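Colleague: What follows is a single structure, and I will ask about it in a moment.
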Amino acid sequence: MSTNKKSRKSGMKDLTVGNPSKVILLYALPLLGSFLVQQLYSTVDLIFAGRFIGKQASSAIGSSDLLVTCIIGLFTGISVGSNVVAAQFYGAGDRKSLKQLIQTVYSFGLVGATALFAMGQLLAPTFLHWLHTPEDVYPLSLSYLRIYFISIFAIILYNLGSGIVRALGDSRAAFRFQIIGGAVNIVTDFIFIYFFHWGVAGAAAATALSQILSASLALRYLMKLDEDIALKLREFLIKGKLLTRVLAIGIPSGIQSMIITFSNLFIQSIINSFGVNTMAAFAAYFKLELFMYYPCIAYGQALVTYTAQNVGAGKEDRVKRGLRTTLLLAIVSVGCISLVCFILGRPMFSLFSSDQDVIAEGLRIIRVTYPLYFIYSVQECFGSVCKGRGYARMPMVIIVFCMCICRVIAINITTSINWAIESIAVVYPITWALSGILMVVYYIWLNRKPGRRSAAN
């Protein structure tokens with residue numbers, strides 16, 4: 001097995017050596033930082049909209065964000081595929097394949113972004129009608145969506161590009177990109193909404209500018225790698241074999257993301273039927289929930305890259321040690337964060353709205369979900385190890401079954417028994433627990449099949 005050539009990018013890390021606890025924690029912390037900063041993109045929009053425009057504006061942004069997440073979910077999944085394959089090449093020291101992969105992912109991203117941009121502009125009204133968006137919120141939602149979709153190229157290229165960067169062991173670079181983008185988002189939100197009075201259009205424009213800047217920084221990073229692996233913007237190259245390998249992992253992950261978000265859109269339509277106060281409360285809740293969700297995802301993505309590099313290097317024992325370490329870190333971290341957020345629930349919801357009815361609705365939600373949020377860590381950690389080994393289909397099936405099919409069935413049952421906001425909230429921890437149990441069962445089965453431990457080749 002060849003060794004990795006030293007790169008000019010000092011942030012690149014070999015995750016196949018060193019203490020697993022230290023390696024994973026140091027890799028995950030910048031990821032968590034980048035996710036939290038990225039949250040500012042839409043959270044600051046929501047805060048400015050709720051405080052300076054009104055609850056109709058925050059409701060419009062909240063419901064529109066779910067739709068955007070659903071539409072770009074496929075490419076979010078493909079970034080997982082590119083991360084896994086690139087990390088396996090990097091762990092194995094195969095720089096020729098790594099170079100071809102970087103170019104292939106970039107070229108495919110351009111094609112996909114073009115298609116999604118056209119679809120988003122044409123079908124935005126149809127999507128909003130499907131969501132049963134109230135008439136007083138509809139014009140604001142449509143304006144926000146159409147401007148937001150201008151940045152679809154930046155969103156996709158950033159996700160794909162940062163996936164490659166993380167595969168090289170450099171999680172700090174993505175953090176830097178997001179800090180710069182987040183700062184620009186805050187400043188432009190203040191200018192566009194407070195000074196120019198552009199309303200939700202200003203919020204969307206601020207987010208678009210931030211995304212474009214972050215994507216530019218990620219692409220510049222890849223262009224500055226060593227010559228034998230650096231990205232060439234003018235070189236359009238799609239290697240079918242490599243793309244197939246990426247899509248074999250990425251498409252299940254993307255479908256999972258899309259279907260989960262689609263089920264959330266169904267739930268959003270139920271939320272919408274409760275009225276503007278509940279819409280605004282859930283819009284704020286989904287933002288605050290990210291303080292717990294992102295640590296789970298950061299540890300999960302760290303574990304994906306860690307697993308993929310070690311699989312490429314043939315170090316299976318380190319994979320098992322990494323899982324144990326990450327699971328413990330995730331449960332403790334998420335449990336502590338959820339406790340703090342629970343205690344500070346009222347002031348946190350007050351950031352998004354001064355309406356006491358909205359705040360009261362939000363507090364009813366977190367009383368149900370926050371104490372049980374640590375359960376989500378189990379699903380994320382065990383699923384991430386499977387993905388890092390190259391197996392993404394069964395984790396997708398488990399997540400889709402639990403988070404979509406079971407969640408939709410459960411919410412229909414709970415709301416039919418008691419038409420209350422708690423009946424929506426309780427569905428989330430129920431489905432987290434079910435998916436965690438099934439993911440553990442699949443992991444155990446996979447490890448008892450020696451020939452199925454890795455799909456790296």
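Following the order of the structure tokens, chains are lettered A, B, ..., residues in each are numbered from 1, and ligands are numbered from 1.
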Would you give me, as a count of residues only, the residues in range 274-444 of chain A that DSSP reads as alpha helix (DSSP H)?
Modeller: 139
Colleague: What is the distance between CA of Ile437 in chain A and CA of Asp317 in chain A, in Å to one decimal?
Modeller: 23.2 Å
Colleague: Compile a residue-level contact table for range 167-270 of chain A against range 126-138 of chain A at a cut-off of 12 Å, reporting for every qualifying residue the shortest atom pair and its distance in Å to one decimal, with only C-alpha atoms counted, rows ordered by chain and ascending number, as a tab-separated table.
Modeller:
residue	atom	partner	partner_atom	distance
A:Val200	CA	A:Val137	CA	10.9
A:Phe262	CA	A:Leu131	CA	10.3
A:Ser263	CA	A:Leu131	CA	11.4
A:Asn264	CA	A:Leu131	CA	10.5
A:Leu265	CA	A:Leu131	CA	6.8
A:Phe266	CA	A:Leu131	CA	7.4
A:Ile267	CA	A:Leu131	CA	9.4
A:Gln268	CA	A:Leu131	CA	7.2
A:Ser269	CA	A:Leu131	CA	5.3
A:Ile270	CA	A:Leu131	CA	9.1
Colleague: Considering only C-alpha atoms, can you say which of A:Pro139, A:Pro125, A:Gly240, A:Gly322 comes closest to Gly199 in chain A?
Modeller: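 Selected residue with least distance to Gly199 in chain A: A:Pro139.
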Colleague: Nearest to Asp228 in chain A among A:Ser97, A:Ser21, A:Ser216, A:Thr76, with distances taken over only C-alpha atoms: which residue is it?
Modeller: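 Checking each of A:Ser97, A:Ser21, A:Ser216, A:Thr76 against Asp228 in chain A, counting only C-alpha atoms, the winner is A:Ser97.
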Colleague: Calculated over only C-alpha atoms, which of the candidates A:Gln178, A:Asn185, A:Gln379, A:Ser107 has the smallest distance to Val441 in chain A?
Modeller: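 Of the candidates, the smallest distance to Val441 in chain A is held by A:Gln379.
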